[in-house]
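Everything on this sheet refers to the single structure shown next.
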Amino acid sequence: MKILFVEDDYQLGDASSTFLKQEGHIVEWVTDGAKAIHALQFEIIDLVLLDLGLPKESGFDVLKFIKHKKLDCLVMILTATEEVENKIIALDLGADDYVTKPYNLDELSARIRALTRRKNQQIDTSLSFGNVKLDPASRKVFVR
């Protein structure tokens, strides 16, 4: 999985990106919102791990960019901001998960797996022709 990790804290960014790479992910770590937006314009990203309190462009600005461009990537907010209002705003803007710092790296990995499972389940691979529908995943054919 290609992860864009947007974190301006160097110690946390280094530790988390190293862990995620050891988990088998391809990780690009950037330290401000402008760099995140630039990366999102030119790369295919599966998951964005996004801090809200960033220099240059805020995490909210990055999230708005993702949703405005209708990018097909998951977004998990990783931030020290615990206010319920910020959680509501982020989730309403399209974030898929919201985790407050400090976070446990094993839990982060589990949340990534859960988001990935949910995204993969949302893909409809069925084929339809007239009143016949074929679902290759379940190997079933439905009529009407």
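Residues in the structure tokens are numbered from 1 in each chain, the chains being A, B, ... in the order shown, and ligands are numbered from 1 in the order shown.
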DSSP-assigned helix (DSSP H, G or I) members of chain A, reported as a ChimeraX atom specification: /A:10-22,33-42,59-68,84-93,105-122
Please provide as an mmCIF file with C-alpha atoms, in the first residue's frame all residues within 12 Å of Ser128 of chain A, with the sequence filter that same-chain residues fewer than 6 positions apart are discarded (counting only C-alpha atoms).
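This is the output file around28.cif:
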```cif
data_model
loop_
_atom_site.group_PDB
_atom_site.id
_atom_site.type_symbol
_atom_site.label_atom_id
_atom_site.label_comp_id
_atom_site.auth_asym_id
_atom_site.auth_seq_id
_atom_site.Cartn_x
_atom_site.Cartn_y
_atom_site.Cartn_z
ATOM 1 C CA LEU A 134 -23.253 -12.325 -11.954
ATOM 2 C CA ASP A 135 -21.283 -11.883 -8.730
ATOM 3 C CA PRO A 136 -17.794 -13.323 -9.335
ATOM 4 C CA VAL A 141 -25.918 -15.721 -10.648
ATOM 5 C CA PHE A 142 -29.099 -13.787 -9.910
ATOM 6 C CA VAL A 143 -32.110 -13.419 -12.173
ATOM 7 C CA ARG A 144 -34.417 -10.435 -11.604
#
```
Residues within 10 Å of Glu43 of chain A, only C-alpha atoms, excluding chain neighbours under 4 positions, as a PyMOL selection string: chain A and resi 2+4+38-39
From A:Phe60, A:Phe42, A:Phe5, A:Phe19, residue lying nearest Ile88 of chain A [only C-alpha atoms]: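 For Ile88 of chain A, the nearest of the given residues is A:Phe60.
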Near-segment 103-120 of chain A list (12 Å; only C-alpha atoms; drop same-chain fewer than 4 positions) as a PyMOL selection string: chain A and resi 1-3+12-13+15-25+46-49+72-80+95-99+124-125+137
Best match for closeness to Lys64 of chain A among A:Asp51, A:Glu7, A:Glu82, A:Asp92, counting only C-alpha atoms: A:Asp92
From A:Ile44, A:Val132, A:Leu52, A:Leu71, residue lying nearest Lys87 of chain A [only C-alpha atoms]: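 Closest to Lys87 of chain A, using only C-alpha atoms: A:Leu52.
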Contacts of Thr31 of chain A within 8 Å, only C-alpha atoms, excl. fewer than 3 positions in-chain, as a ChimeraX atom specification: /A:6-9,35-36,54-55
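Interatomic distance, atom CA of Leu40 of chain A to atom CA of Thr100 of chain A: 23.3 Å.
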Pick from A:Gly33, A:Gly94, A:Pro102, A:Gly130, whichever lies nearest to Lys70 of chain A using only C-alpha atoms: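 Smallest distance to Lys70 of chain A is found for A:Gly94.
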Atomic distance atom CA of Asp32 of chain A - atom CA of Gly53 of chain A, expressed in Å with one decimal: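 Interatomic distance here is 9.1 Å.
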